[in-house]
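To be precise, the following lines are my_file.cif, and they hold mmCIF, C-alpha atoms.
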```
data_work
#
loop_
_atom_site.label_atom_id
_atom_site.label_comp_id
_atom_site.auth_asym_id
_atom_site.auth_seq_id
_atom_site.Cartn_x
_atom_site.Cartn_y
_atom_site.Cartn_z
CA PRO X 1 2.87 -19.94 27.90
CA ALA X 2 3.20 -21.58 24.47
CA GLU X 3 -0.51 -21.05 23.87
CA LEU X 4 -0.28 -17.41 24.94
CA ASP X 5 2.72 -16.95 22.61
CA ASP X 6 0.64 -18.40 19.75
CA VAL X 7 -2.44 -16.32 20.59
CA TYR X 8 -0.48 -13.08 20.69
CA ALA X 9 1.37 -13.93 17.46
CA SER X 10 -1.97 -14.63 15.78
CA ARG X 11 -3.37 -11.39 17.12
CA ILE X 12 -0.35 -9.43 15.86
CA LEU X 13 -0.78 -10.79 12.35
CA LEU X 14 -4.56 -10.45 12.21
CA GLU X 15 -4.77 -7.06 13.89
CA THR X 16 -2.14 -5.54 11.63
CA LEU X 17 -4.02 -6.92 8.62
CA ALA X 18 -7.26 -5.37 9.89
CA LEU X 19 -5.43 -2.12 10.62
CA SER X 20 -4.04 -2.02 7.08
CA MET X 21 -7.58 -2.43 5.74
CA THR X 22 -8.75 0.50 7.88
CA ILE X 23 -6.06 3.05 7.02
CA GLY X 24 -7.72 4.34 3.85
CA HIS X 25 -11.05 4.68 5.68
CA PHE X 26 -9.86 6.53 8.79
CA GLY X 27 -11.69 9.82 8.36
CA ALA X 28 -12.78 12.53 10.78
CA LYS X 29 -15.36 10.46 12.66
CA PRO X 30 -13.12 7.46 13.49
CA ARG X 31 -10.25 9.84 14.30
CA ALA X 32 -12.42 11.69 16.81
CA GLU X 33 -13.67 8.41 18.28
CA ALA X 34 -10.12 7.02 18.64
CA LYS X 35 -8.98 10.25 20.32
CA ARG X 36 -11.96 10.05 22.68
CA MET X 37 -11.06 6.44 23.56
CA LEU X 38 -7.43 7.41 24.16
CA THR X 39 -8.59 10.16 26.53
CA ALA X 40 -10.92 7.72 28.29
CA MET X 41 -8.07 5.20 28.74
CA ARG X 42 -5.86 7.92 30.23
CA ARG X 43 -8.59 9.05 32.60
CA ALA X 44 -9.36 5.48 33.70
CA ALA X 45 -5.66 4.72 34.23
CA LYS X 46 -5.29 7.78 36.48
CA THR X 47 -8.21 6.73 38.65
CA GLY X 48 -7.33 3.02 38.60
CA ASP X 49 -10.65 2.11 36.99
CA PHE X 50 -9.55 -1.06 35.19
CA ASN X 51 -13.04 -1.86 33.86
CA ALA X 52 -13.38 1.57 32.25
CA TRP X 53 -9.86 1.28 30.86
CA PHE X 54 -10.61 -2.13 29.30
CA GLY X 55 -13.84 -0.82 27.77
CA ALA X 56 -12.09 2.16 26.20
CA HIS X 57 -9.13 0.00 25.17
CA THR X 58 -11.39 -2.50 23.44
CA ASP X 59 -13.20 0.31 21.64
CA TYR X 60 -9.90 1.94 20.64
CA HIS X 61 -8.63 -1.24 18.99
CA ARG X 62 -12.05 -1.78 17.35
CA VAL X 63 -11.97 1.70 15.79
CA CYS X 64 -8.43 1.11 14.51
CA THR X 65 -9.54 -2.10 12.77
CA ALA X 66 -13.09 -1.11 11.83
CA ALA X 67 -12.79 -1.77 8.08
CA ALA X 68 -12.16 -5.48 8.63
CA GLY X 69 -15.13 -7.76 8.08
CA GLU X 70 -17.25 -9.28 10.81
CA ALA X 71 -15.54 -12.69 10.68
CA MET X 72 -12.16 -11.03 11.23
CA GLN X 73 -13.62 -8.87 14.02
CA ARG X 74 -14.91 -12.01 15.78
CA GLN X 75 -11.43 -13.53 15.66
CA LEU X 76 -9.86 -10.33 16.96
CA ARG X 77 -12.34 -10.23 19.86
CA ALA X 78 -11.62 -13.89 20.65
CA PHE X 79 -7.86 -13.26 20.74
CA ALA X 80 -8.30 -10.15 22.89
CA ASP X 81 -10.64 -11.98 25.27
CA ARG X 82 -8.09 -14.78 25.74
CA THR X 83 -5.41 -12.31 26.82
CA THR X 84 -7.42 -9.98 29.05
CA ARG X 85 -6.90 -11.87 32.31
CA TYR X 86 -3.13 -11.80 31.81
CA ILE X 87 -3.16 -8.06 31.23
CA ARG X 88 -5.16 -7.67 34.45
CA ILE X 89 -2.39 -9.50 36.30
CA TYR X 90 0.11 -7.05 34.79
CA GLN X 91 -2.06 -4.11 35.87
CA LEU X 92 -2.27 -5.38 39.42
CA SER X 93 1.47 -6.09 39.61
CA GLU X 94 2.36 -2.50 38.61
CA PRO X 95 -0.60 -0.33 39.66
CA ASN X 96 1.27 2.95 39.14
CA SER X 97 3.05 2.37 35.84
CA TRP X 98 1.38 -0.41 33.82
CA GLN X 99 -0.29 2.04 31.42
CA THR X 100 2.72 4.24 30.60
CA ALA X 101 4.19 2.29 27.67
CA GLY X 102 0.78 1.39 26.27
CA ASP X 103 -0.36 5.00 26.40
CA ALA X 104 2.60 6.15 24.29
CA GLU X 105 2.10 3.23 21.90
CA HIS X 106 -1.61 3.89 21.44
CA ALA X 107 -0.85 7.54 20.72
CA ALA X 108 1.84 6.59 18.17
CA ILE X 109 -0.54 4.20 16.39
CA LEU X 110 -3.16 6.94 16.20
CA GLU X 111 -0.65 9.49 14.92
CA ALA X 112 0.42 7.11 12.14
CA LEU X 113 -3.20 6.41 11.23
CA ILE X 114 -4.01 10.11 11.04
CA ALA X 115 -0.89 10.70 8.92
CA ASP X 116 -1.98 7.86 6.60
CA ASP X 117 1.38 6.21 7.36
CA GLU X 118 0.65 2.54 6.77
CA ARG X 119 4.16 1.24 7.52
CA GLY X 120 4.32 3.31 10.72
CA ALA X 121 0.86 2.25 11.89
CA LEU X 122 1.54 -1.44 11.23
CA THR X 123 4.91 -1.50 12.96
CA GLU X 124 3.62 0.56 15.91
CA MET X 125 0.70 -1.86 16.37
CA ALA X 126 2.92 -4.94 16.01
CA HIS X 127 5.42 -3.62 18.56
CA HIS X 128 2.62 -2.54 20.92
CA LEU X 129 1.15 -6.03 20.95
CA GLU X 130 4.64 -7.57 21.15
CA ARG X 131 5.61 -5.52 24.20
CA THR X 132 2.40 -6.46 25.96
CA ALA X 133 2.83 -10.13 25.06
CA LEU X 134 6.43 -10.29 26.20
CA ARG X 135 5.60 -8.51 29.46
CA VAL X 136 2.68 -10.81 30.19
CA LEU X 137 4.74 -13.89 29.32
CA ALA X 138 7.61 -12.71 31.53
CA ASP X 139 5.18 -12.25 34.43
CA CYS X 140 3.41 -15.58 33.95
CA ALA X 141 6.27 -17.80 32.81
CA PRO X 142 9.67 -16.13 33.33
CA ASP X 143 11.64 -19.10 31.97
CA PHE X 144 9.62 -19.42 28.75
CA VAL X 145 11.31 -18.22 25.56
CA PRO X 146 8.70 -16.88 23.11
CA VAL X 147 9.08 -17.95 19.50
CA ALA X 148 5.82 -17.06 17.75
CA VAL X 149 5.55 -13.43 18.89
CA PRO X 150 9.02 -12.34 17.71
CA HIS X 151 8.46 -14.21 14.45
CA ALA X 152 5.11 -12.48 13.84
CA VAL X 153 6.62 -9.06 14.54
CA ALA X 154 9.52 -9.80 12.19
CA LEU X 155 7.02 -10.57 9.42
CA ILE X 156 5.32 -7.20 9.93
CA ASP X 157 8.53 -5.26 10.52
CA ARG X 158 10.27 -6.62 7.42
CA ARG X 159 12.01 -4.03 5.28
CA ASP X 160 13.95 -4.34 2.05
CA GLY X 161 13.59 -8.10 1.78
CA ALA X 162 14.77 -8.85 5.33
CA ARG X 163 13.83 -12.33 6.39
CA ALA X 164 11.91 -13.36 9.47
CA PRO X 165 13.91 -15.28 12.10
CA ARG X 166 14.14 -19.01 11.50
CA ARG X 167 13.36 -21.52 14.21
CA ALA X 168 16.34 -23.63 15.22
CA ALA X 169 16.16 -27.25 14.11
CA GLY X 170 15.68 -29.83 16.76
#
```
I need this file expressed as structure tokens, please.
Amino acid sequence: PAELDDVYASRILLETLALSMTIGHFGAKPRAEAKRMLTAMRRAAKTGDFNAWFGAHTDYHRVCTAAAGEAMQRQLRAFADRTTRYIRIYQLSEPNSWQTAGDAEHAAILEALIADDERGALTEMAHHLERTALRVLADCAPDFVPVAVPHAVALIDRRDGARAPRRAAG
């Protein structure tokens, strides 16, 4: 669980960075592609086609971070690959509702991107990844208390000089 906490925290920080690099380059073509991927995820979720959902989901996140360089894209793929099996467990544990929160979050990220709302897009993405991480961690290790994920989100969600949570000494 500690490794998964670290991987998700790293993904939150890197994916929001890549997203921020993409915002100024999110024109008509990537918007249409992201909308198409969102529709494909919804269709796959309705039919229970997990493989199609994962393909569209991967493509959706790739479009949202497309302006990041290849080295950053490789890292993002590596982080996503390390978490996929845990998300599959989540999907199987809640076959009728696993996609509901993610669907709303993906739509909110896209809306913020289209509106050129950097703060909104970054916080939506950070909270989307956080919710998934916390759900997966709760399923896999219910007694584990995540530290890295909440800290990463606090760094992204900072407003008006607010500080990220400090780790207790000891």
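Shortest separation to X:Arg82 among X:Leu4, X:Met125, X:Ile114, X:Ala45 occurs at residue X:Leu4, atoms counted being only C-alpha atoms.
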(request) Given the file shown, enumerate the residues that the PyMOL selection byres ((chain X and resi 65-78) around 7) captures and present them as a PyMOL selection string. (result) chain X and resi 11+15+18-19+21-22+61-64+79-82
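Atom to atom, atom CA of X:Leu38 and atom CA of X:Ala112 stand 14.4 Å apart.
With distances taken from (-3.2, 7.1, 18.8) and restricted to all atoms listed in the file, the residues inside 9 Å are Arg31, Ala34, Lys35, Leu38, Tyr60, Asp103, Ala104, Glu105, His106, Ala107, Ala108, Ile109, Leu110, Glu111, Ala112, Leu113 and Ile114 of chain X.
What separates atom CA of X:His57 from atom CA of X:Arg43 is a distance of 11.7 Å.
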(request) Tell me, in Å to one decimal, how far atom CA of X:Ala138 is from atom CA of X:Thr84. (result) 15.5 Å
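Ranking X:Ala44, X:Val145, X:Val153, X:Leu14 by their shortest atom-to-atom distance to X:Arg131, with only C-alpha atoms included, puts X:Val153 first.
Distances from X:Gly27, X:Gly120, X:Ile12, X:Tyr86 to X:Ala141 were compared using all atoms listed in the file, and the smallest one belongs to X:Tyr86.
With only C-alpha atoms as the basis for measurement, X:Met41 is the residue among X:Met41, X:Leu122, X:His127, X:Asn51 that approaches X:Thr100 most closely.
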(request) Please provide as a list of chain:residue names all residues within 8 Å of X:Asp6, with the sequence filter that same-chain residues fewer than 4 positions apart are discarded (counting all atoms listed in the file). (result) X:Ala2, X:Ser10, X:Ala148, X:Val149
Box dimensions and centre (Å, one decimal) enclosing stretch 3-21 of chain X, axis-aligned, 4 Å extra per side, as lines of an AutoDock Vina configuration file:
```
center_x = -2.4
center_y = -11.5
center_z = 15.3
size_x = 18.3
size_y = 27.0
size_z = 27.2
```
(message) From the options X:Asp5, X:Asp157, X:Asp116, X:Glu130, which residue's atoms come nearest to X:Ser20, counting only C-alpha atoms?
(response) X:Asp116
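Distance annotation: of X:Ala40, X:Leu129, X:Ala101, X:Cys140, the residue with the minimal separation from X:Tyr8 is X:Leu129; atom set is all atoms listed in the file.
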